[in-house]
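Text of the file run.csv, holding CSV, C-alpha atoms:
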```csv
chain,number,residue,atom,x,y,z
R,1,MET,CA,-1.3,25.2,-31.0
R,2,SER,CA,-0.5,21.6,-31.6
R,3,THR,CA,-1.8,18.9,-29.2
R,4,ILE,CA,0.7,17.8,-26.6
R,5,HIS,CA,1.5,14.1,-26.5
R,6,LEU,CA,2.0,12.7,-23.0
R,7,PRO,CA,3.6,9.4,-22.0
R,8,LEU,CA,1.3,7.4,-19.6
R,9,ALA,CA,3.7,8.1,-16.8
R,10,ALA,CA,3.3,11.8,-17.4
R,11,ALA,CA,-0.5,11.5,-17.2
R,12,ARG,CA,-0.1,9.7,-13.9
R,13,THR,CA,2.2,12.4,-12.6
R,14,LEU,CA,-0.3,15.2,-13.5
R,15,HIS,CA,-3.2,13.3,-11.9
R,16,LEU,CA,-1.1,12.9,-8.7
R,17,ALA,CA,-0.3,16.6,-8.8
R,18,ALA,CA,-4.0,17.4,-8.9
R,19,GLN,CA,-4.5,15.1,-5.9
R,20,GLY,CA,-1.8,16.7,-3.8
R,21,LEU,CA,0.6,13.7,-4.2
R,22,LEU,CA,3.3,15.2,-6.3
R,23,ARG,CA,5.8,16.1,-3.5
R,24,PRO,CA,6.0,15.0,0.1
R,25,PRO,CA,5.2,17.7,2.7
R,26,ARG,CA,8.2,19.9,3.5
R,27,ARG,CA,6.9,21.2,6.8
R,28,LYS,CA,4.6,20.3,9.6
R,29,ALA,CA,0.9,20.5,8.5
R,30,THR,CA,-1.5,23.1,9.8
R,31,PRO,CA,-5.3,23.0,10.0
R,32,ALA,CA,-5.3,25.3,7.0
R,33,ASP,CA,-3.4,22.6,5.1
R,34,LEU,CA,-6.0,20.1,6.0
R,35,MET,CA,-8.8,22.2,4.5
R,36,ALA,CA,-6.6,23.0,1.4
R,37,ALA,CA,-6.1,19.2,0.8
R,38,ILE,CA,-9.9,18.6,1.0
R,39,ARG,CA,-10.6,21.4,-1.3
R,40,ARG,CA,-8.0,20.1,-3.8
R,41,MET,CA,-9.7,16.7,-3.8
R,42,ALA,CA,-13.2,18.4,-3.6
R,43,LEU,CA,-14.5,15.4,-1.5
R,44,LEU,CA,-13.3,13.3,1.4
R,45,GLN,CA,-15.0,10.0,1.5
R,46,ILE,CA,-16.1,8.6,4.9
R,47,ASP,CA,-15.8,5.0,6.0
R,48,THR,CA,-16.0,3.6,9.5
R,49,ILE,CA,-13.7,0.5,9.3
R,50,HIS,CA,-10.9,1.1,11.7
R,51,VAL,CA,-8.5,-1.9,11.6
R,52,VAL,CA,-6.1,1.0,10.7
R,53,ALA,CA,-7.0,4.7,10.9
R,54,ARG,CA,-10.5,5.3,9.5
R,55,SER,CA,-10.3,6.2,5.8
R,56,PRO,CA,-10.8,10.0,5.9
R,57,TYR,CA,-8.0,10.4,8.3
R,58,LEU,CA,-5.7,8.1,6.3
R,59,VAL,CA,-6.4,9.9,3.0
R,60,LEU,CA,-5.3,13.1,4.6
R,61,PHE,CA,-2.2,11.5,6.2
R,62,SER,CA,-1.2,10.3,2.7
R,63,ARG,CA,-1.0,14.0,1.7
R,64,LEU,CA,-0.1,15.9,4.9
R,65,GLY,CA,2.1,13.4,6.8
R,66,ASP,CA,1.8,13.4,10.6
R,67,TYR,CA,-1.1,15.6,11.8
R,68,PRO,CA,-3.7,15.2,14.7
R,69,ASN,CA,-6.9,13.5,13.7
R,70,GLN,CA,-8.8,16.0,15.8
R,71,TRP,CA,-8.2,18.7,13.2
R,72,LEU,CA,-10.8,16.9,10.9
R,73,ASP,CA,-13.3,16.6,13.7
R,74,GLN,CA,-12.8,20.2,14.6
R,75,ALA,CA,-13.3,21.4,11.0
R,76,LEU,CA,-16.7,19.6,10.9
R,77,ALA,CA,-17.7,21.0,14.3
R,78,ASP,CA,-16.6,24.5,13.3
R,79,GLY,CA,-18.7,24.4,10.2
R,80,GLU,CA,-15.9,24.4,7.7
R,81,LEU,CA,-17.1,21.0,6.4
R,82,PHE,CA,-20.5,19.4,6.1
R,83,GLU,CA,-21.5,15.8,5.5
R,84,TYR,CA,-23.6,14.5,2.6
R,85,TRP,CA,-23.9,11.9,-0.1
R,86,ALA,CA,-21.4,13.1,-2.8
R,87,HIS,CA,-19.2,10.3,-4.2
R,88,GLU,CA,-20.6,8.3,-1.3
R,89,ALA,CA,-20.9,9.6,2.2
R,90,CYS,CA,-18.3,12.4,2.2
R,91,PHE,CA,-17.0,15.4,4.1
R,92,VAL,CA,-17.4,18.4,1.7
R,93,PRO,CA,-16.3,22.0,2.1
R,94,THR,CA,-19.3,24.0,3.4
R,95,GLU,CA,-19.1,26.5,0.5
R,96,ASP,CA,-20.1,23.6,-1.8
R,97,TYR,CA,-23.4,23.0,0.0
R,98,PRO,CA,-25.4,24.6,-2.9
R,99,LEU,CA,-23.8,21.9,-5.2
R,100,LEU,CA,-25.5,19.1,-3.3
R,101,ARG,CA,-28.7,20.8,-2.2
R,102,HIS,CA,-30.7,19.6,-5.2
R,103,ARG,CA,-30.1,16.0,-4.1
R,104,MET,CA,-31.7,16.8,-0.7
R,105,LEU,CA,-34.7,18.4,-2.4
R,106,ASP,CA,-35.3,15.2,-4.4
R,107,PRO,CA,-34.3,12.5,-1.9
R,108,ALA,CA,-36.5,9.8,-3.5
R,109,ALA,CA,-33.9,9.8,-6.4
R,110,MET,CA,-31.2,8.8,-3.9
R,111,GLY,CA,-32.0,5.0,-4.0
R,112,TRP,CA,-31.5,3.0,-0.8
R,113,LYS,CA,-30.4,6.1,1.1
R,114,TYR,CA,-34.0,7.3,1.4
R,115,SER,CA,-37.4,5.5,1.7
R,116,THR,CA,-40.6,7.4,0.8
R,117,GLU,CA,-42.5,4.4,2.2
R,118,TRP,CA,-40.7,4.6,5.5
R,119,MET,CA,-41.4,8.4,5.7
R,120,ALA,CA,-45.1,7.9,5.1
R,121,LYS,CA,-45.4,4.9,7.4
R,122,HIS,CA,-43.6,6.6,10.3
R,123,HIS,CA,-44.7,10.2,9.7
R,124,ASP,CA,-45.9,10.9,13.3
R,125,ALA,CA,-42.8,9.4,14.9
R,126,ILE,CA,-40.5,11.3,12.5
R,127,ALA,CA,-42.3,14.6,13.2
R,128,ALA,CA,-42.0,13.9,16.9
R,129,MET,CA,-38.3,13.3,16.6
R,130,LEU,CA,-37.8,16.6,14.8
R,131,GLU,CA,-39.7,18.4,17.6
R,132,HIS,CA,-37.6,16.6,20.2
R,133,ILE,CA,-34.4,17.8,18.5
R,134,ARG,CA,-35.8,21.3,18.1
R,135,ALA,CA,-36.6,21.4,21.8
R,136,ASN,CA,-33.7,19.5,23.3
R,137,GLY,CA,-30.8,19.9,20.9
R,138,PRO,CA,-28.7,17.5,18.8
R,139,VAL,CA,-28.9,13.7,19.1
R,140,ARG,CA,-27.0,10.6,18.3
R,141,SER,CA,-28.5,7.3,17.2
R,142,ALA,CA,-27.0,5.9,20.4
R,143,ASP,CA,-29.3,8.2,22.5
R,144,PHE,CA,-32.2,5.9,21.6
R,145,GLU,CA,-32.3,2.5,23.2
R,146,ARG,CA,-32.9,-0.6,21.0
R,147,THR,CA,-35.7,-2.8,22.3
R,148,ASP,CA,-36.2,-5.4,19.6
R,149,GLY,CA,-32.9,-7.2,20.0
R,150,LYS,CA,-32.1,-6.9,16.3
R,151,GLY,CA,-29.2,-5.0,14.6
R,152,GLY,CA,-26.9,-4.6,11.6
R,153,GLY,CA,-27.3,-3.1,8.2
R,154,TRP,CA,-29.9,-0.6,6.9
R,155,TRP,CA,-32.8,-3.0,7.3
R,156,GLY,CA,-31.6,-4.0,10.8
R,157,TRP,CA,-31.3,-0.4,12.1
R,158,LYS,CA,-33.4,0.5,15.0
R,159,PRO,CA,-36.3,2.8,13.9
R,160,GLU,CA,-34.8,5.9,15.3
R,161,LYS,CA,-31.6,5.4,13.4
R,162,ARG,CA,-33.6,5.1,10.2
R,163,HIS,CA,-35.6,8.2,11.0
R,164,LEU,CA,-32.4,10.1,11.5
R,165,GLU,CA,-30.9,8.8,8.2
R,166,VAL,CA,-33.9,9.6,6.0
R,167,LEU,CA,-34.1,13.1,7.5
R,168,PHE,CA,-30.4,13.5,6.9
R,169,THR,CA,-30.8,12.4,3.2
R,170,ALA,CA,-33.7,14.8,2.8
R,171,GLY,CA,-31.6,17.7,4.2
R,172,ARG,CA,-33.9,18.3,7.2
R,173,LEU,CA,-31.1,17.2,9.6
R,174,MET,CA,-27.3,17.8,9.2
R,175,VAL,CA,-24.3,16.4,11.1
R,176,SER,CA,-23.2,19.1,13.5
R,177,GLU,CA,-20.2,17.1,14.8
R,178,ARG,CA,-18.9,13.6,15.4
R,179,ARG,CA,-18.3,12.1,18.8
R,180,ASN,CA,-16.1,9.0,18.7
R,181,PHE,CA,-16.9,9.1,15.0
R,182,GLN,CA,-20.6,8.8,15.7
R,183,ARG,CA,-22.8,11.3,13.9
R,184,VAL,CA,-24.5,14.0,15.9
R,185,TYR,CA,-27.6,15.2,14.2
R,186,ASP,CA,-29.2,18.7,14.5
R,187,LEU,CA,-31.7,20.7,12.5
R,188,ALA,CA,-30.2,22.0,9.2
R,189,GLU,CA,-31.2,25.6,10.0
R,190,ARG,CA,-29.1,25.5,13.2
R,191,VAL,CA,-26.1,23.8,11.5
R,192,LEU,CA,-26.2,26.1,8.5
R,193,PRO,CA,-28.0,29.3,9.6
R,194,GLY,CA,-28.8,31.8,7.0
R,195,TRP,CA,-29.2,29.4,4.1
R,196,ASP,CA,-32.1,30.1,1.8
R,197,ASP,CA,-33.1,28.0,-1.2
R,198,VAL,CA,-33.9,31.2,-3.0
R,199,SER,CA,-30.1,31.5,-3.6
R,200,LEU,CA,-29.9,28.0,-5.0
R,201,PRO,CA,-28.4,27.8,-8.5
R,202,SER,CA,-30.3,26.0,-11.2
R,203,PHE,CA,-30.0,22.2,-11.5
R,204,GLU,CA,-28.3,22.6,-14.9
R,205,ALA,CA,-25.7,25.1,-13.5
R,206,VAL,CA,-25.0,22.8,-10.5
R,207,GLN,CA,-24.5,19.8,-12.7
R,208,HIS,CA,-22.1,21.7,-14.9
R,209,GLU,CA,-20.1,22.9,-11.9
R,210,LEU,CA,-19.9,19.4,-10.5
R,211,LEU,CA,-18.4,18.2,-13.8
R,212,ARG,CA,-15.9,21.1,-13.6
R,213,ARG,CA,-15.0,20.2,-10.0
R,214,SER,CA,-14.5,16.5,-11.1
R,215,ALA,CA,-12.2,17.6,-13.9
R,216,GLY,CA,-10.2,19.8,-11.6
R,217,ALA,CA,-9.8,17.1,-8.9
R,218,LEU,CA,-8.7,14.5,-11.5
R,219,GLY,CA,-6.2,16.8,-13.3
R,220,VAL,CA,-6.2,14.5,-16.3
R,221,VAL,CA,-9.7,13.7,-17.4
R,222,ARG,CA,-11.6,11.7,-19.9
R,223,ALA,CA,-15.3,11.8,-20.7
R,224,ASP,CA,-15.8,8.3,-19.3
R,225,TRP,CA,-14.3,9.3,-15.9
R,226,LEU,CA,-16.4,12.4,-15.2
R,227,ALA,CA,-19.6,10.9,-13.8
R,228,ASP,CA,-18.0,8.8,-11.1
R,229,TYR,CA,-16.5,11.5,-8.9
R,230,TYR,CA,-19.8,12.9,-7.7
R,231,ARG,CA,-21.8,9.8,-8.7
R,232,LEU,CA,-23.6,11.7,-11.4
R,233,ARG,CA,-25.8,9.9,-14.0
R,234,ARG,CA,-23.6,8.3,-16.5
R,235,GLY,CA,-23.9,9.9,-19.9
R,236,ARG,CA,-22.1,11.5,-22.8
R,237,TYR,CA,-19.9,14.2,-21.4
R,238,ALA,CA,-17.7,14.9,-24.4
R,239,GLU,CA,-19.6,18.2,-25.1
R,240,VAL,CA,-19.0,19.4,-21.5
R,241,LEU,CA,-15.2,18.8,-21.9
R,242,HIS,CA,-15.2,20.6,-25.3
R,243,GLY,CA,-17.0,23.5,-23.7
R,244,LEU,CA,-14.3,23.7,-20.9
R,245,VAL,CA,-11.7,23.7,-23.6
R,246,ASP,CA,-13.4,26.6,-25.3
R,247,THR,CA,-13.4,28.6,-22.0
R,248,GLY,CA,-9.7,27.8,-21.4
R,249,GLU,CA,-10.3,25.6,-18.4
R,250,LEU,CA,-9.0,22.4,-20.1
R,251,VAL,CA,-6.1,21.7,-22.5
R,252,PRO,CA,-6.5,18.8,-25.0
R,253,VAL,CA,-3.8,16.2,-24.8
R,254,LYS,CA,-3.0,12.8,-26.3
R,255,VAL,CA,-2.0,10.1,-23.9
R,256,GLU,CA,0.1,7.2,-25.0
R,257,GLY,CA,-1.9,4.1,-25.5
R,258,TRP,CA,-5.3,5.7,-25.1
R,259,SER,CA,-7.8,6.0,-28.0
R,260,ALA,CA,-10.1,8.2,-25.8
R,261,ASP,CA,-9.7,12.0,-25.9
R,262,ALA,CA,-7.9,13.3,-22.8
R,263,TYR,CA,-7.7,16.8,-21.2
R,264,VAL,CA,-5.5,18.5,-18.6
R,265,THR,CA,-6.8,21.2,-16.3
R,266,ALA,CA,-5.5,24.8,-17.0
R,267,GLU,CA,-4.0,24.9,-13.4
R,268,LEU,CA,-1.6,22.1,-14.5
R,269,ALA,CA,-0.8,23.5,-17.9
R,270,PRO,CA,2.5,25.1,-16.6
R,271,LEU,CA,3.6,21.6,-15.8
R,272,LEU,CA,2.7,20.0,-19.1
R,273,GLU,CA,6.0,20.4,-21.0
R,274,ASP,CA,8.1,19.2,-18.1
R,275,ALA,CA,5.8,16.2,-17.6
R,276,ALA,CA,5.8,15.3,-21.3
R,277,GLU,CA,9.6,15.5,-21.3
R,278,GLY,CA,10.1,13.4,-18.2
R,279,ARG,CA,11.4,16.3,-16.1
R,280,LEU,CA,8.5,16.1,-13.7
R,281,ALA,CA,7.8,13.1,-11.5
R,282,SER,CA,6.0,12.4,-8.2
R,283,THR,CA,8.4,11.7,-5.4
R,284,VAL,CA,5.8,10.6,-2.9
R,285,SER,CA,5.9,7.2,-1.3
R,286,THR,CA,3.0,6.5,1.0
R,287,LEU,CA,0.1,4.1,1.9
R,288,LEU,CA,-3.3,4.9,0.4
R,289,SER,CA,-6.7,4.2,1.8
R,290,PRO,CA,-9.0,2.0,-0.2
R,291,PHE,CA,-11.3,5.0,-0.4
R,292,ASP,CA,-8.7,7.4,-1.7
R,293,PRO,CA,-9.8,9.2,-4.9
R,294,VAL,CA,-6.7,7.8,-6.7
R,295,VAL,CA,-8.1,4.3,-6.5
R,296,TRP,CA,-11.8,4.5,-5.8
R,297,ASP,CA,-12.7,4.2,-9.5
R,298,ARG,CA,-11.5,0.7,-10.4
R,299,LYS,CA,-11.4,1.3,-14.1
R,300,ARG,CA,-9.6,4.6,-13.9
R,301,ALA,CA,-6.9,3.1,-11.6
R,302,ALA,CA,-6.5,0.3,-14.0
R,303,THR,CA,-6.1,2.6,-17.0
R,304,LEU,CA,-3.8,5.1,-15.3
R,305,PHE,CA,-1.7,2.8,-13.1
R,306,GLY,CA,-2.2,-0.7,-14.5
R,307,PHE,CA,-3.5,-1.5,-11.0
R,308,ASP,CA,-6.6,-3.7,-10.6
R,309,TYR,CA,-7.9,-2.8,-7.2
R,310,ARG,CA,-11.0,-4.2,-5.4
R,311,LEU,CA,-11.8,-3.8,-1.8
R,312,GLU,CA,-12.4,-7.2,-0.3
R,313,CYS,CA,-13.7,-6.5,3.2
R,314,TYR,CA,-17.2,-7.4,2.1
R,315,THR,CA,-16.0,-10.5,0.4
R,316,PRO,CA,-16.2,-13.8,2.4
R,317,ALA,CA,-12.8,-14.5,3.9
R,318,ALA,CA,-12.3,-17.7,1.9
R,319,LYS,CA,-12.8,-15.9,-1.3
R,320,ARG,CA,-10.4,-13.0,-0.6
R,321,ARG,CA,-7.3,-12.8,-2.8
R,322,TYR,CA,-5.4,-10.1,-0.9
R,323,GLY,CA,-7.0,-9.5,2.5
R,324,TYR,CA,-9.7,-7.7,4.5
R,325,PHE,CA,-8.6,-4.0,4.3
R,326,VAL,CA,-5.8,-3.8,1.8
R,327,LEU,CA,-3.9,-0.5,1.4
R,328,PRO,CA,-2.4,0.3,-2.0
R,329,LEU,CA,1.3,1.3,-2.0
R,330,LEU,CA,2.1,4.4,-4.0
R,331,SER,CA,5.8,5.1,-4.7
R,332,ARG,CA,7.2,7.7,-7.1
R,333,GLY,CA,4.2,7.8,-9.4
R,334,ARG,CA,3.5,4.0,-9.5
R,335,LEU,CA,1.2,1.7,-7.5
R,336,VAL,CA,3.8,-0.9,-6.7
R,337,GLY,CA,1.8,-3.2,-4.4
R,338,ARG,CA,-0.7,-3.5,-1.6
R,339,LEU,CA,-0.7,-4.7,2.0
R,340,ASP,CA,-3.2,-6.0,4.4
R,341,ALA,CA,-2.6,-4.2,7.7
R,342,LYS,CA,-3.9,-3.9,11.2
R,343,ALA,CA,-2.9,-1.4,13.9
R,344,HIS,CA,-2.7,-3.1,17.3
R,345,ARG,CA,-2.9,0.2,19.3
R,346,ALA,CA,-2.7,-1.3,22.8
R,347,GLN,CA,0.5,-3.2,21.9
R,348,GLY,CA,2.1,-0.4,19.7
R,349,VAL,CA,2.4,-2.8,16.8
R,350,PHE,CA,1.6,-2.2,13.1
R,351,GLU,CA,1.0,-5.6,11.7
R,352,VAL,CA,1.4,-6.3,8.0
R,353,LYS,CA,-0.5,-9.5,7.6
R,354,ALA,CA,0.5,-9.8,4.0
R,355,LEU,CA,2.5,-7.8,1.5
R,356,HIS,CA,1.7,-8.2,-2.2
R,357,ILE,CA,4.0,-6.7,-4.8
R,358,GLU,CA,2.8,-6.0,-8.4
R,359,ASP,CA,4.1,-8.1,-11.2
R,360,GLY,CA,7.2,-6.7,-12.7
R,361,VAL,CA,8.2,-4.5,-9.7
R,362,LYS,CA,11.8,-5.2,-8.7
R,363,LEU,CA,13.2,-4.9,-5.3
R,364,THR,CA,15.7,-2.1,-5.6
R,365,GLN,CA,17.6,-0.3,-2.9
R,366,ARG,CA,15.7,3.0,-3.6
R,367,LEU,CA,12.3,1.3,-3.6
R,368,ALA,CA,13.1,-0.5,-0.4
R,369,THR,CA,14.2,2.7,1.3
R,370,ASP,CA,11.2,4.6,0.1
R,371,LEU,CA,8.7,1.9,1.2
R,372,ARG,CA,10.4,1.2,4.5
R,373,ALA,CA,10.3,4.9,5.4
R,374,ALA,CA,6.6,5.2,4.2
R,375,LEU,CA,5.6,2.2,6.4
R,376,ALA,CA,7.5,3.5,9.4
R,377,ARG,CA,5.9,7.0,9.1
R,378,CYS,CA,2.4,5.5,8.8
R,379,ALA,CA,3.0,3.1,11.7
R,380,ALA,CA,4.3,6.0,13.9
R,381,TRP,CA,1.3,8.2,13.1
R,382,HIS,CA,-0.9,5.4,14.2
R,383,GLY,CA,0.9,5.2,17.5
R,384,THR,CA,2.1,1.7,16.6
R,385,PRO,CA,5.8,2.2,15.8
R,386,GLN,CA,6.8,-1.4,15.8
R,387,VAL,CA,6.3,-2.9,12.4
R,388,VAL,CA,5.7,-6.6,12.0
R,389,ILE,CA,5.6,-8.1,8.5
R,390,LYS,CA,4.0,-11.6,8.6
R,391,GLN,CA,4.0,-12.5,5.0
R,392,ALA,CA,5.8,-11.1,2.0
R,393,PRO,CA,7.6,-12.2,-1.2
R,394,ASP,CA,11.1,-13.4,-0.8
R,395,GLY,CA,13.5,-10.7,0.4
R,396,TRP,CA,10.8,-8.0,0.9
R,397,ALA,CA,10.1,-8.5,4.6
R,398,ALA,CA,13.7,-8.0,5.5
R,399,ALA,CA,14.1,-5.1,3.2
R,400,LEU,CA,11.1,-3.2,4.6
R,401,SER,CA,11.4,-4.0,8.3
R,402,PRO,CA,12.8,-1.1,10.2
R,403,GLU,CA,13.9,-3.3,13.1
R,404,PRO,CA,14.1,-7.0,14.2
R,405,ALA,CA,10.7,-8.7,14.0
R,406,VAL,CA,8.3,-8.4,17.0
R,407,GLU,CA,6.2,-11.4,17.9
R,408,LEU,CA,2.5,-10.7,18.4
R,409,ALA,CA,0.8,-12.6,21.2
```

Spit out the file's structure as structure tokens when you get a sec.
Amino acid sequence: MSTIHLPLAAARTLHLAAQGLLRPPRRKATPADLMAAIRRMALLQIDTIHVVARSPYLVLFSRLGDYPNQWLDQALADGELFEYWAHEACFVPTEDYPLLRHRMLDPAAMGWKYSTEWMAKHHDAIAAMLEHIRANGPVRSADFERTDGKGGGWWGWKPEKRHLEVLFTAGRLMVSERRNFQRVYDLAERVLPGWDDVSLPSFEAVQHELLRRSAGALGVVRADWLADYYRLRRGRYAEVLHGLVDTGELVPVKVEGWSADAYVTAELAPLLEDAAEGRLASTVSTLLSPFDPVVWDRKRAATLFGFDYRLECYTPAAKRRYGYFVLPLLSRGRLVGRLDAKAHRAQGVFEVKALHIEDGVKLTQRLATDLRAALARCAAWHGTPQVVIKQAPDGWAAALSPEPAVELA
């Protein structure tokens, strides 16, 4: 069988298909759709910034459309999901717990997320905390009063918060639920009763499966992209991809403009011919979270979409190019721009502080219609239906505003 040659646009389309961004939702979402979306992505990264909806909720909105945020909270509380360090802190389907268990058994390899020195220095206090939880039930960090007047960051956490986090990284505690997005910690054996490390697959088998999951979530994959998805050790993974070709799980392709070998997952193989011939295209227009898998790997986003994306919320304000929490704009298979947004929930206003359009993107009637609708849907889902565009290139604010401008106090 000859190798299929794909235009770059086709590779983007297949990647978006793997990510659940090929077609807009055709019906109201259900809780089962939420879990299916997470399983498709394999991971749902967690971040606490909430100038707009917190990232995990926004990532799901991009795929599901309007849905209640409580569904994600309930899936965690019901044990369908668990939290752990995957790409970073992530919600992960509970059936994948064995794939991350080896990390818990070797927490010292987890870098800043765990401190052997802290565990040794505070051994008695940590043991007492475990006994407190065993006797009295789950706890939050907020249940412990701060007495030293300090705060902020890992090294500024109160001791009890650090105790909870090292125990979480070591797998002794798990997150049983979130209350107002605050972690609630309980003993792992109560959150996941019945688990026994006797049934743990070998480290080598787990690493191979994580690479398989990464390939499946990406849809179109190269060896240099594999390690990032689960933050595996960077290495030479060409042999792994060749092995997945041999088992029929990947199909080799050549992508226009790439010297690197590329592969498409077998699940997407039925779409290959239509994608290559331009008969398949993404019709989704939506706002993406900065922590969406489509953009979280800066090099991959640049290679696939020609989109150089960097989150600037940790950059001093004077040095930011685009804004504090900038959302990429996906429209019909292209990343066409980005906007710095804030949801003013009390006022019902979705503020676009600044809209930036990528070089070469022209303002057409179809693009304006798509983006105006995407912005209106996202604003309505936030409970902030009035859209205010403060700054935009010439003509774009008028084109994307659904109604006369609203002044913010």

Name the residues in contact with Gly395 (chain R) at a cut-off of 12 Å, using only C-alpha atoms, excluding same-chain residues fewer than 3 positions from it; report them as a PDB file with C-alpha atoms, in the coordinates of the input.
```pdb
ATOM      1  CA  LEU R 355       2.500  -7.800   1.500  1.00  0.00           C
ATOM      2  CA  ILE R 357       4.000  -6.700  -4.800  1.00  0.00           C
ATOM      3  CA  LYS R 362      11.800  -5.200  -8.700  1.00  0.00           C
ATOM      4  CA  LEU R 363      13.200  -4.900  -5.300  1.00  0.00           C
ATOM      5  CA  THR R 364      15.700  -2.100  -5.600  1.00  0.00           C
ATOM      6  CA  GLN R 365      17.600  -0.300  -2.900  1.00  0.00           C
ATOM      7  CA  ALA R 368      13.100  -0.500  -0.400  1.00  0.00           C
ATOM      8  CA  ILE R 389       5.600  -8.100   8.500  1.00  0.00           C
ATOM      9  CA  GLN R 391       4.000 -12.500   5.000  1.00  0.00           C
ATOM     10  CA  ALA R 392       5.800 -11.100   2.000  1.00  0.00           C
ATOM     11  CA  ALA R 398      13.700  -8.000   5.500  1.00  0.00           C
ATOM     12  CA  ALA R 399      14.100  -5.100   3.200  1.00  0.00           C
ATOM     13  CA  LEU R 400      11.100  -3.200   4.600  1.00  0.00           C
ATOM     14  CA  SER R 401      11.400  -4.000   8.300  1.00  0.00           C
TER      15      SER R 401
END
```

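Nearest residue to Asp106 (chain R) among R:Gly171, R:Pro159, R:Gly219, R:Pro68 is R:Gly171, counting all atoms listed in the file.
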
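With all atoms listed in the file as the atoms that count, the residue of R:Ala89, R:Val52, R:Ala374, R:Val184 with the shortest distance to Arg332 (chain R) is R:Ala374.
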
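Distance annotation: of R:Leu327, R:Ala18, R:Ala128, R:Val92, the residue with the minimal separation from Arg63 (chain R) is R:Ala18; atom set is all atoms listed in the file.
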
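Residues in contact with Tyr230 (chain R) at up to 9 Å, not including ones fewer than 6 positions away on its chain and judged by all atoms listed in the file, are Leu43, Trp85, Ala86, His87, Glu88, Leu210, Leu211 and Ser214 of chain R.
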
Any chance you could turn region 249-260 of chain R into a file with N, CA, C and O atoms, as a PDB file, in the first residue's frame?
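As a result, decode_10.pdb now contains:
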```
ATOM      1  N   GLU R 249      -2.203  -0.164  14.402  1.00  0.00           N
ATOM      2  CA  GLU R 249      -2.819   0.927  15.155  1.00  0.00           C
ATOM      3  C   GLU R 249      -2.509   2.302  14.586  1.00  0.00           C
ATOM      4  O   GLU R 249      -3.177   3.279  14.903  1.00  0.00           O
ATOM      5  N   LEU R 250      -1.485   2.386  13.751  1.00  0.00           N
ATOM      6  CA  LEU R 250      -1.131   3.629  13.082  1.00  0.00           C
ATOM      7  C   LEU R 250      -0.934   3.382  11.589  1.00  0.00           C
ATOM      8  O   LEU R 250      -0.533   2.292  11.181  1.00  0.00           O
ATOM      9  N   VAL R 251      -1.198   4.430  10.809  1.00  0.00           N
ATOM     10  CA  VAL R 251      -1.005   4.390   9.360  1.00  0.00           C
ATOM     11  C   VAL R 251       0.024   5.457   9.002  1.00  0.00           C
ATOM     12  O   VAL R 251      -0.166   6.641   9.345  1.00  0.00           O
ATOM     13  N   PRO R 252       1.131   5.091   8.327  1.00  0.00           N
ATOM     14  CA  PRO R 252       2.124   6.103   7.949  1.00  0.00           C
ATOM     15  C   PRO R 252       1.554   7.045   6.889  1.00  0.00           C
ATOM     16  O   PRO R 252       0.838   6.621   5.982  1.00  0.00           O
ATOM     17  N   VAL R 253       1.876   8.339   7.018  1.00  0.00           N
ATOM     18  CA  VAL R 253       1.472   9.337   6.032  1.00  0.00           C
ATOM     19  C   VAL R 253       2.637  10.292   5.813  1.00  0.00           C
ATOM     20  O   VAL R 253       3.561  10.366   6.623  1.00  0.00           O
ATOM     21  N   LYS R 254       2.574  11.015   4.723  1.00  0.00           N
ATOM     22  CA  LYS R 254       3.504  12.106   4.469  1.00  0.00           C
ATOM     23  C   LYS R 254       2.707  13.399   4.486  1.00  0.00           C
ATOM     24  O   LYS R 254       1.700  13.516   3.793  1.00  0.00           O
ATOM     25  N   VAL R 255       3.156  14.358   5.292  1.00  0.00           N
ATOM     26  CA  VAL R 255       2.444  15.619   5.409  1.00  0.00           C
ATOM     27  C   VAL R 255       3.239  16.707   4.692  1.00  0.00           C
ATOM     28  O   VAL R 255       4.457  16.832   4.883  1.00  0.00           O
ATOM     29  N   GLU R 256       2.542  17.459   3.892  1.00  0.00           N
ATOM     30  CA  GLU R 256       3.128  18.548   3.122  1.00  0.00           C
ATOM     31  C   GLU R 256       3.981  19.464   4.003  1.00  0.00           C
ATOM     32  O   GLU R 256       3.535  19.964   5.032  1.00  0.00           O
ATOM     33  N   GLY R 257       5.226  19.633   3.603  1.00  0.00           N
ATOM     34  CA  GLY R 257       6.116  20.560   4.295  1.00  0.00           C
ATOM     35  C   GLY R 257       6.850  19.986   5.481  1.00  0.00           C
ATOM     36  O   GLY R 257       7.690  20.680   6.081  1.00  0.00           O
ATOM     37  N   TRP R 258       6.572  18.739   5.856  1.00  0.00           N
ATOM     38  CA  TRP R 258       7.245  18.140   7.000  1.00  0.00           C
ATOM     39  C   TRP R 258       8.314  17.168   6.530  1.00  0.00           C
ATOM     40  O   TRP R 258       8.056  16.310   5.668  1.00  0.00           O
ATOM     41  N   SER R 259       9.497  17.263   7.109  1.00  0.00           N
ATOM     42  CA  SER R 259      10.513  16.245   6.852  1.00  0.00           C
ATOM     43  C   SER R 259      10.350  15.066   7.803  1.00  0.00           C
ATOM     44  O   SER R 259      10.752  13.941   7.492  1.00  0.00           O
ATOM     45  N   ALA R 260       9.742  15.317   8.961  1.00  0.00           N
ATOM     46  CA  ALA R 260       9.550  14.258   9.959  1.00  0.00           C
ATOM     47  C   ALA R 260       8.490  13.262   9.497  1.00  0.00           C
ATOM     48  O   ALA R 260       7.511  13.637   8.843  1.00  0.00           O
TER      49      ALA R 260
END
```
